[in-house]
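J.: Next comes the structure file final_20.cif, holding mmCIF, C-alpha atoms.
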```
data_model
loop_
_atom_site.group_PDB
_atom_site.id
_atom_site.type_symbol
_atom_site.label_atom_id
_atom_site.label_comp_id
_atom_site.auth_asym_id
_atom_site.auth_seq_id
_atom_site.Cartn_x
_atom_site.Cartn_y
_atom_site.Cartn_z
ATOM 1 C CA MET A 1447 -19.876 -188.037 30.939
ATOM 2 C CA CYS A 1448 -18.994 -190.199 27.955
ATOM 3 C CA VAL A 1449 -15.705 -189.860 26.106
ATOM 4 C CA LYS A 1450 -17.209 -188.207 23.065
ATOM 5 C CA GLY A 1451 -19.043 -185.747 25.341
ATOM 6 C CA VAL A 1452 -15.775 -184.750 26.981
ATOM 7 C CA TYR A 1453 -14.195 -184.095 23.577
ATOM 8 C CA MET A 1454 -17.021 -181.803 22.466
ATOM 9 C CA LYS A 1455 -15.661 -178.915 24.547
ATOM 10 C CA TYR A 1456 -12.466 -179.180 22.472
ATOM 11 C CA LYS A 1457 -14.159 -179.375 19.075
ATOM 12 C CA ASN A 1458 -12.272 -176.283 17.926
ATOM 13 C CA LYS A 1459 -8.822 -177.741 17.308
ATOM 14 C CA LEU A 1460 -7.180 -174.382 16.643
ATOM 15 C CA ALA A 1461 -8.529 -172.919 19.890
ATOM 16 C CA LEU A 1462 -7.232 -175.916 21.815
ATOM 17 C CA LEU A 1463 -3.762 -175.605 20.291
ATOM 18 C CA GLU A 1464 -3.723 -171.877 21.033
ATOM 19 C CA GLU A 1465 -4.507 -172.710 24.660
ATOM 20 C CA ILE A 1466 -1.984 -175.533 25.096
ATOM 21 C CA LEU A 1467 1.064 -174.431 23.093
ATOM 22 C CA PRO A 1468 1.966 -171.359 25.202
ATOM 23 C CA ILE A 1469 1.920 -173.555 28.313
ATOM 24 C CA ILE A 1470 4.041 -176.209 26.608
ATOM 25 C CA ASN A 1471 6.615 -173.562 25.692
ATOM 26 C CA SER A 1472 6.709 -172.107 29.205
ATOM 27 C CA VAL A 1473 7.329 -175.243 31.312
ATOM 28 C CA LYS A 1474 10.628 -175.308 33.195
ATOM 29 C CA SER A 1475 11.705 -178.929 32.681
ATOM 30 C CA PRO A 1476 10.988 -182.008 30.519
ATOM 31 C CA GLU A 1477 9.443 -183.722 33.571
ATOM 32 C CA GLU A 1478 7.030 -180.865 34.131
ATOM 33 C CA LEU A 1479 6.147 -180.878 30.437
ATOM 34 C CA LEU A 1480 5.400 -184.609 30.325
ATOM 35 C CA ASN A 1481 3.286 -184.547 33.471
ATOM 36 C CA TYR A 1482 1.266 -181.594 32.181
ATOM 37 C CA LEU A 1483 0.725 -183.317 28.853
ATOM 38 C CA ILE A 1484 -0.468 -186.660 30.174
ATOM 39 C CA ASP A 1485 -3.083 -184.872 32.276
ATOM 40 C CA ARG A 1486 -4.262 -182.864 29.277
ATOM 41 C CA TYR A 1487 -4.350 -185.878 26.969
ATOM 42 C CA ILE A 1488 -6.548 -187.740 29.434
ATOM 43 C CA ASP A 1489 -8.765 -184.698 29.833
ATOM 44 C CA ILE A 1490 -9.085 -184.171 26.063
ATOM 45 C CA THR A 1491 -9.941 -187.780 25.253
ATOM 46 C CA GLY A 1492 -11.802 -188.720 28.421
ATOM 47 C CA ALA A 1493 -9.395 -191.625 28.869
ATOM 48 C CA LEU A 1494 -9.134 -193.638 32.064
ATOM 49 C CA THR A 1495 -5.364 -194.115 31.999
ATOM 50 C CA GLY A 1496 -2.415 -192.898 29.991
ATOM 51 C CA SER A 1497 1.344 -192.857 29.697
ATOM 52 C CA ILE A 1498 4.230 -191.146 27.951
ATOM 53 C CA MET A 1499 7.110 -193.472 27.146
ATOM 54 C CA LEU A 1500 10.493 -192.390 25.797
ATOM 55 C CA ILE A 1501 13.053 -194.590 24.081
ATOM 56 C CA ASN A 1502 16.167 -195.088 26.179
ATOM 57 C CA PRO A 1503 19.039 -194.663 23.691
ATOM 58 C CA GLU A 1504 21.302 -196.910 25.785
ATOM 59 C CA THR A 1505 18.961 -199.913 26.081
ATOM 60 C CA GLY A 1506 16.694 -199.355 23.071
ATOM 61 C CA VAL A 1507 13.549 -199.933 25.152
ATOM 62 C CA LEU A 1508 10.561 -197.723 25.951
ATOM 63 C CA GLU A 1509 10.479 -196.438 29.527
ATOM 64 C CA ILE A 1510 7.525 -194.728 31.195
ATOM 65 C CA LYS A 1511 8.329 -191.114 32.065
ATOM 66 C CA ALA A 1512 4.819 -189.993 33.042
ATOM 67 C CA SER A 1513 1.664 -192.004 33.668
ATOM 68 C CA ARG A 1514 -1.761 -191.869 35.216
ATOM 69 C CA GLY A 1515 -3.910 -194.760 36.403
ATOM 70 C CA LEU A 1516 -1.417 -197.534 35.661
ATOM 71 C CA MET A 1517 0.521 -199.634 38.166
ATOM 72 C CA THR A 1518 2.437 -196.552 39.323
ATOM 73 C CA ASP A 1519 2.126 -192.893 38.450
ATOM 74 C CA THR A 1520 5.913 -192.598 38.315
ATOM 75 C CA GLY A 1521 6.286 -195.425 35.829
ATOM 76 C CA GLY A 1522 8.414 -197.634 38.068
ATOM 77 C CA ASN A 1523 10.344 -200.265 36.172
ATOM 78 C CA VAL A 1524 7.714 -200.694 33.445
ATOM 79 C CA ALA A 1525 9.409 -200.956 30.063
ATOM 80 C CA LEU A 1526 8.525 -202.266 26.611
ATOM 81 C CA LYS A 1527 10.704 -203.500 23.800
ATOM 82 C CA ILE A 1528 10.397 -201.784 20.433
ATOM 83 C CA GLY A 1529 7.668 -203.681 18.589
ATOM 84 C CA GLU A 1530 6.049 -205.024 21.768
ATOM 85 C CA GLY A 1531 2.379 -204.232 22.314
ATOM 86 C CA VAL A 1532 0.481 -201.322 20.792
ATOM 87 C CA THR A 1533 2.957 -198.771 22.128
ATOM 88 C CA GLY A 1534 5.943 -200.778 20.905
ATOM 89 C CA LYS A 1535 4.393 -201.116 17.428
ATOM 90 C CA VAL A 1536 3.944 -197.354 17.200
ATOM 91 C CA ALA A 1537 7.568 -196.831 18.304
ATOM 92 C CA GLU A 1538 8.703 -199.315 15.660
ATOM 93 C CA THR A 1539 6.671 -197.952 12.731
ATOM 94 C CA GLY A 1540 6.148 -194.314 13.642
ATOM 95 C CA ILE A 1541 2.471 -194.764 12.730
ATOM 96 C CA SER A 1542 -0.350 -194.028 15.191
ATOM 97 C CA LEU A 1543 -2.717 -196.814 16.236
ATOM 98 C CA LEU A 1544 -6.351 -196.454 17.245
ATOM 99 C CA ILE A 1545 -7.587 -199.684 18.848
ATOM 100 C CA ASN A 1546 -11.221 -199.633 19.928
ATOM 101 C CA ASP A 1547 -11.347 -203.282 21.050
ATOM 102 C CA THR A 1548 -8.123 -204.491 22.663
ATOM 103 C CA HIS A 1549 -9.404 -208.087 22.664
ATOM 104 C CA SER A 1550 -9.375 -208.059 18.880
ATOM 105 C CA ILE A 1551 -5.568 -207.906 18.584
ATOM 106 C CA ASP A 1552 -3.202 -210.625 19.737
ATOM 107 C CA TYR A 1553 -0.191 -208.382 20.413
ATOM 108 C CA TYR A 1554 -1.931 -206.188 23.023
ATOM 109 C CA VAL A 1555 -0.017 -206.094 26.323
ATOM 110 C CA ARG A 1556 -2.600 -206.019 29.082
ATOM 111 C CA ILE A 1557 -1.520 -203.978 32.102
ATOM 112 C CA ARG A 1558 -5.068 -203.654 33.459
ATOM 113 C CA GLU A 1559 -7.817 -206.176 32.779
ATOM 114 C CA ASP A 1560 -10.548 -203.529 32.410
ATOM 115 C CA LEU A 1561 -8.936 -201.610 29.550
ATOM 116 C CA LYS A 1562 -10.782 -202.084 26.248
ATOM 117 C CA SER A 1563 -9.578 -199.238 23.978
ATOM 118 C CA GLU A 1564 -6.177 -197.670 23.333
ATOM 119 C CA LEU A 1565 -4.928 -194.741 21.291
ATOM 120 C CA ALA A 1566 -1.165 -194.378 20.751
ATOM 121 C CA VAL A 1567 0.696 -191.715 18.770
ATOM 122 C CA PRO A 1568 4.437 -191.385 18.164
ATOM 123 C CA LEU A 1569 6.686 -188.622 19.383
ATOM 124 C CA LYS A 1570 8.957 -188.038 16.427
ATOM 125 C CA LEU A 1571 11.210 -185.402 15.030
ATOM 126 C CA GLU A 1572 11.265 -185.786 11.249
ATOM 127 C CA ASP A 1573 12.022 -189.534 10.906
ATOM 128 C CA ASN A 1574 13.502 -189.932 14.386
ATOM 129 C CA ILE A 1575 11.075 -191.575 16.843
ATOM 130 C CA ILE A 1576 11.854 -190.628 20.440
ATOM 131 C CA GLY A 1577 8.804 -192.014 22.226
ATOM 132 C CA VAL A 1578 5.072 -192.744 22.297
ATOM 133 C CA ILE A 1579 2.070 -191.178 23.988
ATOM 134 C CA SER A 1580 -0.849 -193.500 24.695
ATOM 135 C CA VAL A 1581 -4.234 -193.273 26.421
ATOM 136 C CA ASP A 1582 -6.590 -196.087 27.428
ATOM 137 C CA SER A 1583 -10.256 -196.500 28.259
ATOM 138 C CA ASP A 1584 -12.443 -199.135 29.907
ATOM 139 C CA GLU A 1585 -15.074 -198.572 27.181
ATOM 140 C CA LEU A 1586 -15.248 -200.060 23.705
ATOM 141 C CA ASP A 1587 -15.019 -197.601 20.770
ATOM 142 C CA ALA A 1588 -13.803 -194.947 23.196
ATOM 143 C CA PHE A 1589 -11.591 -192.951 20.835
ATOM 144 C CA THR A 1590 -12.227 -191.189 17.548
ATOM 145 C CA GLU A 1591 -10.271 -189.955 14.554
ATOM 146 C CA GLU A 1592 -10.668 -186.455 16.008
ATOM 147 C CA HIS A 1593 -8.827 -187.604 19.155
ATOM 148 C CA LEU A 1594 -6.116 -189.067 16.979
ATOM 149 C CA ASP A 1595 -5.795 -185.854 14.979
ATOM 150 C CA ILE A 1596 -5.465 -183.554 17.994
ATOM 151 C CA LEU A 1597 -2.981 -185.820 19.818
ATOM 152 C CA GLU A 1598 -0.799 -186.057 16.712
ATOM 153 C CA SER A 1599 -0.843 -182.282 16.294
ATOM 154 C CA ILE A 1600 0.242 -181.656 19.879
ATOM 155 C CA SER A 1601 2.816 -184.451 19.795
ATOM 156 C CA ASN A 1602 4.620 -182.892 16.842
ATOM 157 C CA PHE A 1603 5.263 -179.761 18.885
ATOM 158 C CA VAL A 1604 6.218 -181.771 21.975
ATOM 159 C CA ALA A 1605 8.893 -183.758 20.107
ATOM 160 C CA GLN A 1606 10.517 -180.516 18.940
ATOM 161 C CA ILE A 1607 10.539 -179.089 22.461
ATOM 162 C CA LEU A 1608 11.975 -182.284 23.985
ATOM 163 C CA SER A 1609 14.695 -182.309 21.346
ATOM 164 C CA LYS A 1610 15.536 -178.677 22.148
ATOM 165 C CA GLU A 1611 15.558 -179.392 25.895
ATOM 166 C CA ASN A 1612 17.915 -182.337 25.405
ATOM 167 C CA LEU A 1613 20.269 -180.121 23.424
ATOM 168 C CA ILE A 1614 20.194 -177.442 26.113
ATOM 169 C CA MET A 1615 20.858 -180.011 28.853
ATOM 170 C CA SER A 1616 23.763 -181.405 26.839
ATOM 171 C CA LEU A 1617 25.287 -177.937 26.457
ATOM 172 C CA LYS A 1618 24.822 -177.218 30.162
ATOM 173 C CA ASP A 1619 26.518 -180.506 31.003
ATOM 174 C CA LYS A 1620 29.502 -179.664 28.799
ATOM 175 C CA ILE A 1621 29.799 -176.211 30.395
ATOM 176 C CA GLN A 1622 29.674 -177.722 33.893
ATOM 177 C CA LYS A 1623 32.386 -180.203 32.950
ATOM 178 C CA GLN A 1624 34.597 -177.399 31.650
ATOM 179 C CA GLU A 1625 34.093 -175.415 34.850
ATOM 180 C CA LEU A 1626 34.901 -178.527 36.867
ATOM 181 C CA LEU A 1627 38.166 -179.059 34.987
ATOM 182 C CA ILE A 1628 39.135 -175.423 35.600
ATOM 183 C CA LYS A 1629 38.546 -175.789 39.348
ATOM 184 C CA ILE A 1630 40.562 -179.006 39.506
ATOM 185 C CA SER A 1631 43.407 -177.523 37.471
ATOM 186 C CA GLU A 1632 43.554 -174.588 39.909
ATOM 187 C CA ILE A 1633 43.932 -177.028 42.803
ATOM 188 C CA LEU A 1634 46.644 -178.972 40.991
ATOM 189 C CA ASN A 1635 48.644 -175.776 40.601
ATOM 190 C CA GLU A 1636 48.735 -175.295 44.373
ATOM 191 C CA ARG A 1637 51.317 -176.973 46.599
ATOM 192 C CA TYR A 1638 49.407 -179.580 48.576
ATOM 193 C CA SER A 1639 50.389 -182.945 49.988
ATOM 194 C CA LEU A 1640 48.923 -185.884 48.072
ATOM 195 C CA ASP A 1641 46.278 -186.678 50.692
ATOM 196 C CA LYS A 1642 45.106 -183.031 50.909
ATOM 197 C CA LEU A 1643 45.079 -182.783 47.133
ATOM 198 C CA PHE A 1644 42.864 -185.887 46.896
ATOM 199 C CA LYS A 1645 40.445 -184.587 49.548
ATOM 200 C CA LYS A 1646 40.081 -181.182 47.881
ATOM 201 C CA ILE A 1647 39.393 -182.741 44.486
ATOM 202 C CA MET A 1648 36.888 -185.191 45.957
ATOM 203 C CA LYS A 1649 35.070 -182.330 47.701
ATOM 204 C CA ILE A 1650 34.607 -180.532 44.388
ATOM 205 C CA LEU A 1651 33.539 -183.697 42.569
ATOM 206 C CA SER A 1652 31.067 -184.739 45.266
ATOM 207 C CA HIS A 1653 29.235 -181.417 44.920
ATOM 208 C CA THR A 1654 29.408 -181.362 41.128
ATOM 209 C CA ILE A 1655 28.716 -184.882 39.850
ATOM 210 C CA GLN A 1656 27.339 -186.588 42.989
ATOM 211 C CA ILE A 1657 29.807 -189.439 43.166
ATOM 212 C CA GLU A 1658 29.216 -192.508 45.317
ATOM 213 C CA ARG A 1659 32.852 -193.333 46.070
ATOM 214 C CA GLY A 1660 36.356 -192.434 45.005
ATOM 215 C CA MET A 1661 39.873 -193.728 45.542
ATOM 216 C CA LEU A 1662 43.491 -192.976 44.857
ATOM 217 C CA VAL A 1663 45.614 -196.064 44.162
ATOM 218 C CA ILE A 1664 49.404 -195.960 43.992
ATOM 219 C CA LEU A 1665 52.117 -198.521 43.271
ATOM 220 C CA ASP A 1666 53.605 -199.755 46.520
ATOM 221 C CA SER A 1667 57.204 -200.820 47.092
ATOM 222 C CA ASP A 1668 56.219 -204.480 46.620
ATOM 223 C CA ASP A 1669 54.923 -203.717 43.082
ATOM 224 C CA LYS A 1670 51.266 -203.990 44.094
ATOM 225 C CA LEU A 1671 48.606 -201.349 43.566
ATOM 226 C CA LYS A 1672 47.157 -200.310 46.923
ATOM 227 C CA ILE A 1673 44.639 -197.680 48.019
ATOM 228 C CA PHE A 1674 46.458 -194.592 49.287
ATOM 229 C CA ASP A 1675 43.281 -192.688 50.132
ATOM 230 C CA GLY A 1676 39.553 -193.107 49.600
ATOM 231 C CA TYR A 1677 36.287 -191.209 49.653
ATOM 232 C CA LYS A 1678 33.406 -192.957 51.435
ATOM 233 C CA LEU A 1679 35.546 -196.083 51.855
ATOM 234 C CA SER A 1680 35.915 -197.917 55.157
ATOM 235 C CA ASP A 1681 39.347 -198.996 56.412
ATOM 236 C CA GLU A 1682 38.329 -202.624 55.828
ATOM 237 C CA ALA A 1683 37.417 -201.887 52.216
ATOM 238 C CA LYS A 1684 40.717 -200.091 51.662
ATOM 239 C CA LYS A 1685 42.651 -203.097 52.944
ATOM 240 C CA ARG A 1686 40.859 -205.364 50.458
ATOM 241 C CA GLY A 1687 41.623 -203.041 47.543
ATOM 242 C CA ILE A 1688 44.937 -204.538 46.411
ATOM 243 C CA TYR A 1689 45.558 -205.132 42.687
ATOM 244 C CA GLN A 1690 48.266 -206.700 40.595
ATOM 245 C CA ILE A 1691 49.503 -204.713 37.612
ATOM 246 C CA GLY A 1692 47.143 -205.565 34.739
ATOM 247 C CA GLU A 1693 44.463 -206.982 37.061
ATOM 248 C CA GLY A 1694 40.913 -205.690 36.666
ATOM 249 C CA ILE A 1695 40.111 -202.123 35.699
ATOM 250 C CA ILE A 1696 42.607 -200.564 38.119
ATOM 251 C CA GLY A 1697 45.461 -202.814 37.025
ATOM 252 C CA LYS A 1698 44.765 -202.304 33.321
ATOM 253 C CA VAL A 1699 44.596 -198.519 33.628
ATOM 254 C CA TYR A 1700 47.952 -198.515 35.414
ATOM 255 C CA LYS A 1701 49.590 -200.968 33.005
ATOM 256 C CA TYR A 1702 48.459 -199.355 29.751
ATOM 257 C CA GLY A 1703 48.189 -195.736 30.884
ATOM 258 C CA LYS A 1704 44.726 -195.239 29.387
ATOM 259 C CA GLY A 1705 41.476 -194.347 31.147
ATOM 260 C CA ILE A 1706 38.573 -196.812 31.274
ATOM 261 C CA ASN A 1707 34.899 -195.833 31.595
ATOM 262 C CA ILE A 1708 32.419 -198.538 32.603
ATOM 263 C CA LYS A 1709 28.850 -197.260 32.239
ATOM 264 C CA ASP A 1710 27.241 -200.204 34.053
ATOM 265 C CA ILE A 1711 29.495 -202.252 36.343
ATOM 266 C CA SER A 1712 26.842 -204.962 36.675
ATOM 267 C CA LYS A 1713 27.605 -205.893 33.046
ATOM 268 C CA SER A 1714 31.392 -205.617 33.292
ATOM 269 C CA LYS A 1715 33.638 -208.659 33.723
ATOM 270 C CA GLU A 1716 36.580 -206.335 34.354
ATOM 271 C CA PHE A 1717 35.004 -204.866 37.508
ATOM 272 C CA LEU A 1718 36.267 -207.224 40.227
ATOM 273 C CA ASN A 1719 34.522 -205.637 43.248
ATOM 274 C CA LYS A 1720 37.501 -206.535 45.421
ATOM 275 C CA MET A 1721 36.475 -204.121 48.171
ATOM 276 C CA LYS A 1722 33.066 -205.881 48.436
ATOM 277 C CA ILE A 1723 31.208 -202.564 48.560
ATOM 278 C CA TRP A 1724 28.942 -202.888 45.544
ATOM 279 C CA ARG A 1725 26.217 -205.444 46.388
ATOM 280 C CA GLY A 1726 25.028 -206.121 42.861
ATOM 281 C CA LYS A 1727 21.847 -204.063 43.239
ATOM 282 C CA GLY A 1728 21.028 -201.136 40.978
ATOM 283 C CA LYS A 1729 23.346 -199.667 38.378
ATOM 284 C CA ASN A 1730 26.581 -197.793 38.973
ATOM 285 C CA SER A 1731 29.188 -196.376 36.628
ATOM 286 C CA PHE A 1732 32.944 -196.563 37.209
ATOM 287 C CA PHE A 1733 35.679 -194.307 35.863
ATOM 288 C CA SER A 1734 39.437 -194.868 36.175
ATOM 289 C CA PHE A 1735 42.285 -192.652 34.992
ATOM 290 C CA PRO A 1736 46.074 -193.056 35.197
ATOM 291 C CA ILE A 1737 48.169 -190.680 37.288
ATOM 292 C CA ARG A 1738 51.458 -189.791 35.627
ATOM 293 C CA TYR A 1739 54.599 -188.184 37.007
ATOM 294 C CA GLU A 1740 57.693 -187.465 34.906
ATOM 295 C CA ASN A 1741 56.241 -189.511 32.018
ATOM 296 C CA LYS A 1742 55.627 -192.563 34.209
ATOM 297 C CA ASN A 1743 52.428 -194.107 35.555
ATOM 298 C CA VAL A 1744 52.537 -193.848 39.331
ATOM 299 C CA GLY A 1745 48.934 -194.546 40.270
ATOM 300 C CA VAL A 1746 45.234 -194.636 39.379
ATOM 301 C CA PHE A 1747 42.399 -192.271 40.247
ATOM 302 C CA SER A 1748 38.901 -193.861 40.246
ATOM 303 C CA LEU A 1749 35.314 -192.726 40.767
ATOM 304 C CA GLU A 1750 32.047 -194.593 41.167
ATOM 305 C CA ARG A 1751 28.701 -192.901 40.639
ATOM 306 C CA LYS A 1752 25.084 -193.779 39.968
ATOM 307 C CA TYR A 1753 24.408 -194.862 36.418
ATOM 308 C CA ILE A 1754 23.123 -192.100 34.132
ATOM 309 C CA SER A 1755 22.050 -193.235 30.659
ATOM 310 C CA GLU A 1756 22.786 -189.918 28.998
ATOM 311 C CA GLU A 1757 26.440 -189.884 29.959
ATOM 312 C CA ASP A 1758 29.026 -189.332 27.249
#
```
Kindly transcribe the structure held in the file into structure tokens.
T.:
Amino acid sequence: MCVKGVYMKYKNKLALLEEILPIINSVKSPEELLNYLIDRYIDITGALTGSIMLINPETGVLEIKASRGLMTDTGGNVALKIGEGVTGKVAETGISLLINDTHSIDYYVRIREDLKSELAVPLKLEDNIIGVISVDSDELDAFTEEHLDILESISNFVAQILSKENLIMSLKDKIQKQELLIKISEILNERYSLDKLFKKIMKILSHTIQIERGMLVILDSDDKLKIFDGYKLSDEAKKRGIYQIGEGIIGKVYKYGKGINIKDISKSKEFLNKMKIWRGKGKNSFFSFPIRYENKNVGVFSLERKYISEED
């Protein structure tokens, strides 16, 4: 069946919206929403492939969140800069593009050699562009203005829902953090030895924020910062974790009495990796906070976790 033939069963735009919108409003997560939508967009337009890309606010690039028929259905590491390719142009301008011969434009980024047409529409909330939805075909002149119209109409609703979901997730995150602080404060009010206190706090944190590693560093009698206890740290790693006051993240936190948050340790010159645990692969975040007793810094509490772009 040709593309235009597929679209004929959706010639009543209002009926299509009445069918899709209740489902869009009932999905349980942004991931479920995006995967439902990409399947429907392909069905509506008769496209061969398609993707939904969202702008990562940390990196400023478009990342695939749902796709069909491309290199990977999960998106993998495929990313585009704003302004790059058809999708990047739409993200940059906020204006939809209907390209019915991809060989006719010099900025087309070719992921598959057989793709000849592309339709891309922005996901935007008022003037704020949050992503782009695009579909592709191996036929010339595959898409119509009617396709463009229906995709834009649906996308307007989708952007509002994604914005609402992000707000809800942000509020849930803040509530979870408050509950976490309450639990930790309750532990701190109990009379535990330092090692038991550390273990109880790490148990709560490991179940709440899925940390990779943690450590408690204190100032030794020789004026060096050494690991008193660790979570998921070998004895060899602990022995290597010795810092001078003011050295690296740990030393600076102790010296100045202020916490340091490193969102991506692969880009941090302050992260010394003295314990030789992090192998330079993937992204991790690192958090360090001073421990004070009687108005004096006595140690440093640190956590390492997988990088999450939406972190505060």
J.: Figure out the distance between atom CA of Val1604 of chain A and atom CA of Ile1470 of chain A, please, to one decimal in Å.
T.: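 Taking atom CA of Ile1470 of chain A and atom CA of Val1604 of chain A, their separation equals 7.6 Å.
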J.: Ranking A:Thr1590, A:Val1555, A:Gly1676, A:Asp1582 by minimum distance to Lys1642 of chain A and counting only C-alpha atoms, which one comes first?
T.: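 Counting only C-alpha atoms, the residue closest to Lys1642 of chain A is A:Gly1676.
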J.: Do you have the atom CA of Ser1601 of chain A-atom CA of Ile1579 of chain A distance handy?
T.: 8.0 Å
J.: Can you measure atom CA of Gln1606 of chain A to atom CA of Tyr1487 of chain A for me? One decimal in Å is fine.
T.: 17.7 Å
J.: Using all atoms listed in the file, can you tell me which of A:Gly1492, A:Pro1476, A:Gly1745, A:Gly1660 comes closest to Leu1565 of chain A?
T.: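 Comparing A:Gly1492, A:Pro1476, A:Gly1745, A:Gly1660 against Leu1565 of chain A, the winner is A:Gly1492.
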J.: Check what the PyMOL selection byres ((chain A and resi 1536) around 10) selects in the file above and give those residues as a PyMOL selection string.
T.: chain A and resi 1528-1535+1537-1543+1566-1569+1575+1577-1580
J.: Take the residues just selected and output them with C-alpha atoms as a PDB file, in the frame of the given file.
T.:
```
ATOM      1  CA  ILE A1528      10.397-201.784  20.433  1.00  0.00           C
ATOM      2  CA  GLY A1529       7.668-203.681  18.589  1.00  0.00           C
ATOM      3  CA  GLU A1530       6.049-205.024  21.768  1.00  0.00           C
ATOM      4  CA  GLY A1531       2.379-204.232  22.314  1.00  0.00           C
ATOM      5  CA  VAL A1532       0.481-201.322  20.792  1.00  0.00           C
ATOM      6  CA  THR A1533       2.957-198.771  22.128  1.00  0.00           C
ATOM      7  CA  GLY A1534       5.943-200.778  20.905  1.00  0.00           C
ATOM      8  CA  LYS A1535       4.393-201.116  17.428  1.00  0.00           C
ATOM      9  CA  ALA A1537       7.568-196.831  18.304  1.00  0.00           C
ATOM     10  CA  GLU A1538       8.703-199.315  15.660  1.00  0.00           C
ATOM     11  CA  THR A1539       6.671-197.952  12.731  1.00  0.00           C
ATOM     12  CA  GLY A1540       6.148-194.314  13.642  1.00  0.00           C
ATOM     13  CA  ILE A1541       2.471-194.764  12.730  1.00  0.00           C
ATOM     14  CA  SER A1542      -0.350-194.028  15.191  1.00  0.00           C
ATOM     15  CA  LEU A1543      -2.717-196.814  16.236  1.00  0.00           C
ATOM     16  CA  ALA A1566      -1.165-194.378  20.751  1.00  0.00           C
ATOM     17  CA  VAL A1567       0.696-191.715  18.770  1.00  0.00           C
ATOM     18  CA  PRO A1568       4.437-191.385  18.164  1.00  0.00           C
ATOM     19  CA  LEU A1569       6.686-188.622  19.383  1.00  0.00           C
ATOM     20  CA  ILE A1575      11.075-191.575  16.843  1.00  0.00           C
ATOM     21  CA  GLY A1577       8.804-192.014  22.226  1.00  0.00           C
ATOM     22  CA  VAL A1578       5.072-192.744  22.297  1.00  0.00           C
ATOM     23  CA  ILE A1579       2.070-191.178  23.988  1.00  0.00           C
ATOM     24  CA  SER A1580      -0.849-193.500  24.695  1.00  0.00           C
TER      25      SER A1580
END
```
J.: Name the closest residue to Ile1600 of chain A among the candidates A:Asp1573, A:Leu1483, A:Ser1714, A:Leu1500; distances are taken between atoms, counting only C-alpha atoms.
T.: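 The closest residue to Ile1600 of chain A is A:Leu1483.
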J.: Ranking A:Lys1720, A:Asp1666, A:Leu1679, A:Leu1749 by minimum distance to Ile1647 of chain A and counting only C-alpha atoms, which one comes first?
T.: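 Going through A:Lys1720, A:Asp1666, A:Leu1679, A:Leu1749 one by one, the smallest distance to Ile1647 of chain A is for A:Leu1749.
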J.: Nearest to Phe1735 of chain A: which of A:Tyr1702, A:Leu1718, A:Ile1673, A:Arg1751 is it, counting all atoms listed in the file?
T.: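 Distance minimum relative to Phe1735 of chain A lands on A:Tyr1702.
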J.: Please evaluate the PyMOL selection byres ((chain A and resi 1547-1549) around 7) against the displayed coordinates and give the resulting residues as a CSV table (one decimal) with C-alpha atoms, in the frame of the given file.
T.:
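Contents of expr_11.csv, as written:
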```csv
chain,number,residue,atom,x,y,z
A,1545,ILE,CA,-7.6,-199.7,18.8
A,1546,ASN,CA,-11.2,-199.6,19.9
A,1550,SER,CA,-9.4,-208.1,18.9
A,1551,ILE,CA,-5.6,-207.9,18.6
A,1554,TYR,CA,-1.9,-206.2,23.0
A,1562,LYS,CA,-10.8,-202.1,26.2
A,1563,SER,CA,-9.6,-199.2,24.0
A,1586,LEU,CA,-15.2,-200.1,23.7
A,1587,ASP,CA,-15.0,-197.6,20.8
```
J.: Please determine, counting all atoms listed in the file, which residue among A:Val1699, A:Leu1494, A:Val1744, A:Leu1662 has the shortest atom-to-atom distance to Leu1643 of chain A.
T.: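 Ranking A:Val1699, A:Leu1494, A:Val1744, A:Leu1662 by distance to Leu1643 of chain A, first place goes to A:Leu1662.
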J.: Would you kindly return, as a PyMOL selection string, each protein, DNA or RNA residue with an atom no farther than 8 Å from any atom of Asn1730 of chain A, considering only C-alpha atoms and excluding same-chain residues fewer than 6 positions away?
T.: chain A and resi 1709-1712+1750-1753
J.: Let me know the residues the PyMOL selection byres ((chain A and resi 1733) around 8) catches in the file above, as a ChimeraX atom specification.
T.: /A:1705-1708,1731-1732,1734-1735,1748-1750
J.: Find the spatial neighbours of Ala1525 of chain A, counting all atoms listed in the file, within a cut-off of 10 Å - ignore same-chain residues fewer than 2 positions away - and output them as a PyMOL selection string.
T.: chain A and resi 1499-1502+1507-1510+1521-1523+1527-1528+1530+1534
J.: Fewer than 4 positions away in the same chain doesn't count, so skip those; otherwise give me all residues within 8 Å of Met1648 of chain A, counting only C-alpha atoms, as a ChimeraX atom specification.
T.: /A:1644,1652,1660,1677
